[in-house]
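J.: Shown below is the structure under consideration.
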Amino acid sequence: MADLQAILDSIYADIQPRIGEGKVADYIPELAKVDPKQFGMAIVTVDGKVYRVGDADTAFSIQSISKVFMLTLALGKVGEGLWKRVGREPSGSAFNSIVQLEHESGIPRNPFINTGAIAVSDVVMAGHAPREAIGELLRFVRYLADDESITIDDKVARSETQTGYRNFALANFMRAYRNLDHPVDHVLGVYFHQCALSMSCEQLARAGLFLAARGSNPTTGHSVVSPKRARRINALMLTCGHYDGSGDFAYHVGLPGKSGVGGGIFAVAPGIASIAVWSPGLNKVGNSQLGAAALEMLAARTGWSVFGD
Ligand code: GLN
């Protein structure tokens with residue numbers, strides 16, 4: 001395998017003059033306070049080697065990247081029945097768009113836009129108090145990363161609860177279509193807390209390694225999902241993981257990936273490695289500008305694109 005540390009160092013050297021590019025998400029007041037001049041990246045290979053550069057140990061708000069973990073839990077609970085509640089098609093619309101919901105009777109396009117993720121959280125809540133559903137997710141992520149120090153940032157969750165008017169609108173709309181079984185404030189309580197998971201690039205790459213390794217984490221020996229399910233989650237990330245920037249991300253990077261408005265991107269090189277990158281400045285569609293640039297460099301320098309080298 002290529003010298004991954006040398007590649008990461010070369011990416012960092014190329015990114016460094018650009019650090020601070022993009023615009024930090026400010027619709028969640030607590031995220032607006034984050035210093036944009038940060039960049040970190042971590043790779044964990046399927047044989048358990050870890051490579052890091054920059055602020056790879058700094059915890060950040062993973063936001064929508066949490067949707068991958070919640071989706072994994074929901075599929076574990078209800079299996080393919082999940083697809084009665086949410087679709088599997090790219091939306092071509094913004095992550096917080098409401099437009100398609102009315103045309104499609106309250107069934108969100110995919111599990112990675114906000115509406116879809118809210119429906120997925122509702123599924124995971126079945127039979128639980130909201131607090132237990134959040135606890136289940138936190139335990140799951142700690143188990144995946146083999147790291148008990150991972151926490152949820154309550155300040156971020158509270159900040160979004162106070163200002164998440166748009167998500168309240170989306171959830172109310174779905175509830176009107178009977179695509180939410182629980183009260184809107186309970187479902188959003190879970191959703192805002194999952195988005196407020198605070199993790200470093202290294203923790204995130206470790207937690208997602210099962211998706212690069214046919215559903216099992218080779219570093220812990222934990223079998224998480226079947227190879228088929230891992231493949232399918234990767235397919236959803238590739239087609240829907242960057243909202244209306246998914247086509248562009250596939251074109252430039254060519255890896256399944258999931259972004260969050262905290263500036264993180266989690267990506268998978270199937271059979272090879274999991275990758276996490278973080279830089280808070282976002283592009284116009286809400287994906288980390290330098291994170292995507294760094295992943296494009298990584299794919300070019302390693303030949304890891306799923307579409308060939
Ligand atoms: N919590 C954010 C929201 O619901 C997540 C959005 C994102 O990361 N794209 O708006």
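Chain labels run A, B, ... following the order of the structure tokens; each chain numbers its residues from 1, and ligands are numbered from 1 in the order shown.
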Collect all residues with atoms no farther than 9 Å from ligand 1, counting only C-alpha atoms and all ligand atoms, and output them as a PyMOL selection string.
T.: chain A and resi 27-28+61-67+94-96+112-115+117-118+157+160+164+166-167+191-196+242-243+259-264+285-287
J.: Could you write those residues out with N, CA and C atoms, as a compact mmCIF listing (two decimals), in the first residue's frame?
T.:
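Okay, selection_10.txt is ready:
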```
# COMPACT_ATOMS: atom_id res chain seq x y z
N TYR A 27 -26.80 28.79 11.33
CA TYR A 27 -28.22 28.69 11.68
C TYR A 27 -28.40 27.92 12.99
N ILE A 28 -27.34 27.26 13.45
CA ILE A 28 -27.34 26.68 14.80
C ILE A 28 -26.34 27.54 15.60
N SER A 61 -18.78 18.59 16.22
CA SER A 61 -20.17 18.17 16.18
C SER A 61 -20.39 17.39 14.89
N ILE A 62 -20.71 16.10 15.00
CA ILE A 62 -20.75 15.30 13.76
C ILE A 62 -22.03 15.54 12.97
N GLN A 63 -23.05 16.13 13.60
CA GLN A 63 -24.29 16.50 12.91
C GLN A 63 -24.82 15.36 12.03
N SER A 64 -24.96 15.60 10.73
CA SER A 64 -25.67 14.62 9.90
C SER A 64 -24.91 13.31 9.69
N ILE A 65 -23.65 13.28 10.06
CA ILE A 65 -22.92 12.00 9.94
C ILE A 65 -23.57 10.97 10.87
N SER A 66 -24.21 11.47 11.94
CA SER A 66 -24.90 10.57 12.88
C SER A 66 -26.00 9.77 12.18
N LYS A 67 -26.48 10.30 11.05
CA LYS A 67 -27.57 9.62 10.34
C LYS A 67 -27.15 8.22 9.86
N ALA A 94 -32.02 20.53 -1.12
CA ALA A 94 -31.22 20.83 0.07
C ALA A 94 -31.54 19.84 1.19
N PHE A 95 -30.62 19.74 2.15
CA PHE A 95 -30.79 18.75 3.22
C PHE A 95 -32.05 19.00 4.05
N ASN A 96 -32.48 20.27 4.10
CA ASN A 96 -33.63 20.59 4.96
C ASN A 96 -34.86 20.96 4.13
N PHE A 112 -30.91 10.19 4.53
CA PHE A 112 -29.84 11.12 4.87
C PHE A 112 -30.24 12.59 4.80
N ILE A 113 -31.33 12.90 4.11
CA ILE A 113 -31.86 14.27 4.24
C ILE A 113 -32.56 14.36 5.60
N ASN A 114 -32.81 15.58 6.08
CA ASN A 114 -33.35 15.71 7.44
C ASN A 114 -34.65 14.95 7.63
N THR A 115 -35.57 15.09 6.68
CA THR A 115 -36.86 14.43 6.85
C THR A 115 -36.67 12.91 7.00
N ALA A 117 -34.04 11.28 7.98
CA ALA A 117 -33.35 10.95 9.24
C ALA A 117 -34.30 11.07 10.42
N ILE A 118 -35.21 12.03 10.37
CA ILE A 118 -36.19 12.20 11.46
C ILE A 118 -37.10 10.96 11.50
N ALA A 157 -27.09 20.51 21.30
CA ALA A 157 -28.45 19.98 21.19
C ALA A 157 -29.47 21.03 21.63
N GLU A 160 -29.84 23.86 19.07
CA GLU A 160 -30.66 23.50 17.90
C GLU A 160 -32.14 23.35 18.29
N GLY A 164 -34.44 25.35 15.91
CA GLY A 164 -34.66 24.43 14.78
C GLY A 164 -36.05 24.51 14.18
N ARG A 166 -37.15 25.03 11.31
CA ARG A 166 -37.33 24.33 10.04
C ARG A 166 -37.54 22.82 10.28
N ASN A 167 -36.74 22.26 11.17
CA ASN A 167 -36.91 20.83 11.47
C ASN A 167 -38.26 20.57 12.15
N TYR A 191 -33.46 13.41 17.65
CA TYR A 191 -32.72 13.81 16.44
C TYR A 191 -31.66 14.89 16.76
N PHE A 192 -32.03 15.90 17.54
CA PHE A 192 -31.06 16.96 17.84
C PHE A 192 -29.91 16.42 18.69
N HIS A 193 -30.20 15.49 19.58
CA HIS A 193 -29.11 14.92 20.39
C HIS A 193 -28.20 14.02 19.56
N GLN A 194 -28.76 13.28 18.62
CA GLN A 194 -27.88 12.44 17.79
C GLN A 194 -26.95 13.32 16.96
N CYS A 195 -27.50 14.43 16.45
CA CYS A 195 -26.68 15.35 15.65
C CYS A 195 -25.59 16.00 16.49
N ALA A 196 -25.82 16.08 17.82
CA ALA A 196 -24.87 16.75 18.71
C ALA A 196 -23.78 15.80 19.22
N HIS A 242 -24.38 13.42 0.33
CA HIS A 242 -24.01 14.85 0.28
C HIS A 242 -25.14 15.70 -0.27
N TYR A 243 -26.38 15.22 -0.09
CA TYR A 243 -27.56 16.00 -0.50
C TYR A 243 -27.47 16.34 -1.99
N SER A 259 -21.68 13.73 4.90
CA SER A 259 -21.22 15.02 5.44
C SER A 259 -22.12 15.46 6.59
N GLY A 260 -21.64 16.45 7.33
CA GLY A 260 -22.45 17.09 8.37
C GLY A 260 -22.15 18.57 8.40
N VAL A 261 -23.11 19.38 8.86
CA VAL A 261 -22.88 20.83 8.85
C VAL A 261 -21.89 21.29 9.92
N GLY A 262 -21.41 20.36 10.76
CA GLY A 262 -20.31 20.69 11.65
C GLY A 262 -18.98 20.76 10.90
N GLY A 263 -19.00 20.36 9.62
CA GLY A 263 -17.78 20.41 8.81
C GLY A 263 -17.07 19.08 8.68
N GLY A 264 -17.69 18.02 9.19
CA GLY A 264 -17.09 16.69 9.07
C GLY A 264 -17.57 15.98 7.82
N VAL A 285 -23.70 24.11 -0.58
CA VAL A 285 -24.73 23.11 -0.27
C VAL A 285 -24.56 22.51 1.14
N GLY A 286 -23.68 23.12 1.93
CA GLY A 286 -23.59 22.71 3.33
C GLY A 286 -22.62 21.57 3.61
N ASN A 287 -21.69 21.33 2.69
CA ASN A 287 -20.68 20.29 2.91
C ASN A 287 -19.32 20.96 3.12
```
J.: Can you tell me which residues surround range 68-81 of chain A at a distance of at most 8 Å, considering only C-alpha atoms, apart from same-chain residues fewer than 6 positions away, and format the answer as an NGL selection string?
T.: :A and (111-112 or 117 or 120-121 or 123-124 or 137 or 141 or 225 or 233 or 258)
J.: Please determine, counting only C-alpha atoms, which residue among A:Asp9, A:Gly54, A:Leu204, A:Arg232 has the shortest atom-to-atom distance to Asp147 in chain A.
T.: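 The answer is A:Leu204, which sits nearest to Asp147 in chain A.
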J.: Would you mind writing down, as a list in words, each residue of range 123-294 of chain A that DSSP on the backbone assigns to strand (DSSP E)?
T.: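 The residues of range 123-294 of chain A classed as strand (DSSP E) are Thr151, Ile152, Leu197, Ser198, Met199, Ser216, Asn217, His222, Ser223, Gly257, Lys258, Ser259, Gly264, Ile265, Phe266, Ala267, Val268, Ala269, Ala273, Ser274, Ile275, Ala276, Val277 and Trp278 of chain A.
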J.: Tell me which of A:Lys155, A:Met237, A:Glu202, A:Leu101 sits closest to Glu30 in chain A, counting only C-alpha atoms.
T.: A:Lys155
J.: I'd like the contact shell of range 39-51 of chain A - 6 Å cut-off, only C-alpha atoms, skipping same-chain residues fewer than 3 positions apart - returned as number ranges by chain.
T.: A: 5, 54-56, 201-202, 219, 272-279
J.: Store the residues of this selection in a file with N, CA and C atoms, as a compact mmCIF listing (two decimals), in the first residue's frame.
T.:
```txt
# COMPACT_ATOMS: atom_id res chain seq x y z
N GLN A 5 0.91 7.89 5.43
CA GLN A 5 1.27 9.08 6.22
C GLN A 5 1.87 10.16 5.32
N GLY A 54 -3.02 17.02 11.28
CA GLY A 54 -3.71 18.23 11.74
C GLY A 54 -4.51 17.97 13.01
N ASP A 55 -5.74 18.54 13.06
CA ASP A 55 -6.56 18.49 14.27
C ASP A 55 -7.38 17.20 14.33
N ALA A 56 -6.73 16.07 14.09
CA ALA A 56 -7.46 14.79 14.00
C ALA A 56 -7.98 14.32 15.35
N CYS A 201 -11.91 13.11 14.39
CA CYS A 201 -11.75 12.38 13.13
C CYS A 201 -11.34 10.93 13.40
N GLU A 202 -10.43 10.75 14.34
CA GLU A 202 -9.98 9.38 14.59
C GLU A 202 -11.12 8.52 15.15
N THR A 219 -10.60 -4.31 14.01
CA THR A 219 -9.75 -3.95 15.15
C THR A 219 -10.35 -4.44 16.47
N ILE A 272 -10.70 -1.31 2.03
CA ILE A 272 -9.39 -0.70 2.24
C ILE A 272 -9.30 0.08 3.56
N ALA A 273 -10.20 1.06 3.72
CA ALA A 273 -10.05 1.97 4.87
C ALA A 273 -11.30 2.80 5.09
N SER A 274 -11.43 3.33 6.30
CA SER A 274 -12.43 4.38 6.55
C SER A 274 -11.66 5.67 6.82
N ILE A 275 -12.31 6.77 6.47
CA ILE A 275 -11.63 8.06 6.50
C ILE A 275 -12.55 9.09 7.13
N ALA A 276 -12.01 9.96 7.96
CA ALA A 276 -12.80 11.09 8.45
C ALA A 276 -11.97 12.35 8.29
N VAL A 277 -12.65 13.40 7.85
CA VAL A 277 -11.97 14.68 7.67
C VAL A 277 -12.87 15.75 8.26
N TRP A 278 -12.27 16.80 8.76
CA TRP A 278 -13.07 17.86 9.39
C TRP A 278 -12.44 19.22 9.14
N SER A 279 -13.24 20.12 8.66
CA SER A 279 -12.87 21.52 8.58
C SER A 279 -14.19 22.29 8.53
```
J.: Considering only C-alpha atoms, state which residue in the set A:Ala294, A:Ala25, A:Ala59, A:Val99 is at the smallest distance from Ala13 in chain A.
T.: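 Ranked by minimum distance to Ala13 in chain A, first place goes to A:Ala294.
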J.: Name the closest residue to Ser223 in chain A among the candidates A:Ser305, A:Leu209, A:Gln289, A:Ala133; distances are taken between atoms, counting only C-alpha atoms.
T.: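 The closest residue to Ser223 in chain A is A:Leu209.
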J.: Hey, what's within 10 Å of Tyr251 in chain A if we count only C-alpha atoms and toss same-chain stuff fewer than 6 positions away? As a list in words, please?
T.: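 Within the cut-off, the hits are Gly245, Glu296, Ser305 and Phe307 of chain A.
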J.: For those residues, write all heavy atoms to a file as a PDB file, in the first residue's frame.
T.:
```
ATOM      1  N   GLY A 245     -25.267  17.843  -3.343  1.00  0.00           N
ATOM      2  CA  GLY A 245     -23.875  17.843  -3.775  1.00  0.00           C
ATOM      3  C   GLY A 245     -23.374  16.416  -3.973  1.00  0.00           C
ATOM      4  O   GLY A 245     -22.168  16.200  -4.148  1.00  0.00           O
ATOM      5  N   GLU A 296     -10.750  14.625  -2.241  1.00  0.00           N
ATOM      6  CA  GLU A 296     -10.450  14.535  -3.677  1.00  0.00           C
ATOM      7  C   GLU A 296      -8.955  14.266  -3.882  1.00  0.00           C
ATOM      8  O   GLU A 296      -8.563  13.433  -4.699  1.00  0.00           O
ATOM      9  CB  GLU A 296     -10.879  15.828  -4.392  1.00  0.00           C
ATOM     10  CG  GLU A 296     -10.612  15.763  -5.886  1.00  0.00           C
ATOM     11  CD  GLU A 296     -11.167  16.946  -6.664  1.00  0.00           C
ATOM     12  OE1 GLU A 296     -11.752  17.870  -6.042  1.00  0.00           O
ATOM     13  OE2 GLU A 296     -11.009  16.946  -7.901  1.00  0.00           O
ATOM     14  N   SER A 305     -10.756   5.623  -5.559  1.00  0.00           N
ATOM     15  CA  SER A 305     -12.130   5.837  -6.042  1.00  0.00           C
ATOM     16  C   SER A 305     -12.776   4.495  -6.394  1.00  0.00           C
ATOM     17  O   SER A 305     -12.130   3.632  -7.007  1.00  0.00           O
ATOM     18  CB  SER A 305     -12.121   6.729  -7.284  1.00  0.00           C
ATOM     19  OG  SER A 305     -13.369   6.628  -7.944  1.00  0.00           O
ATOM     20  N   PHE A 307     -14.692   3.981  -8.596  1.00  0.00           N
ATOM     21  CA  PHE A 307     -14.896   3.930 -10.048  1.00  0.00           C
ATOM     22  C   PHE A 307     -13.605   3.588 -10.800  1.00  0.00           C
ATOM     23  O   PHE A 307     -13.586   3.617 -12.026  1.00  0.00           O
ATOM     24  CB  PHE A 307     -15.476   5.263 -10.536  1.00  0.00           C
ATOM     25  CG  PHE A 307     -16.791   5.576  -9.875  1.00  0.00           C
ATOM     26  CD1 PHE A 307     -16.892   6.588  -8.928  1.00  0.00           C
ATOM     27  CD2 PHE A 307     -17.926   4.838 -10.175  1.00  0.00           C
ATOM     28  CE1 PHE A 307     -18.106   6.855  -8.296  1.00  0.00           C
ATOM     29  CE2 PHE A 307     -19.138   5.100  -9.556  1.00  0.00           C
ATOM     30  CZ  PHE A 307     -19.228   6.104  -8.610  1.00  0.00           C
TER      31      PHE A 307
END
```
J.: Ranking A:Gly308, A:Gly271, A:Gln162, A:Val253 by minimum distance to Arg214 in chain A and counting only C-alpha atoms, which one comes first?
T.: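 Comparing A:Gly308, A:Gly271, A:Gln162, A:Val253 against Arg214 in chain A, the winner is A:Gly271.
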J.: Let me make sure I understand: among A:Val187, A:Ala207, A:Ala269, A:Leu8, which one has the smallest atom-to-atom distance to Ala126 in chain A if we use only C-alpha atoms?
T.: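 When distances to Ala126 in chain A are compared using only C-alpha atoms, the smallest one comes from A:Val187.
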J.: Compile the contact shell of Cys240 in chain A as a VMD selection string: residues with an atom at most 8 Å away, counting only C-alpha atoms, same-chain residues fewer than 6 positions apart removed.
T.: chain A and resid 89 to 91 110 112 to 113 246
J.: Select from range 14-258 of chain A everything DSSP, run on the backbone, classes as alpha helix (DSSP H), then give the selection as a ChimeraX atom specification.
T.: /A:14-15,29-32,66-78,99-103,114-124,130-145,154-163,165-176,184-195,201-207,209-212,227-240,246-252
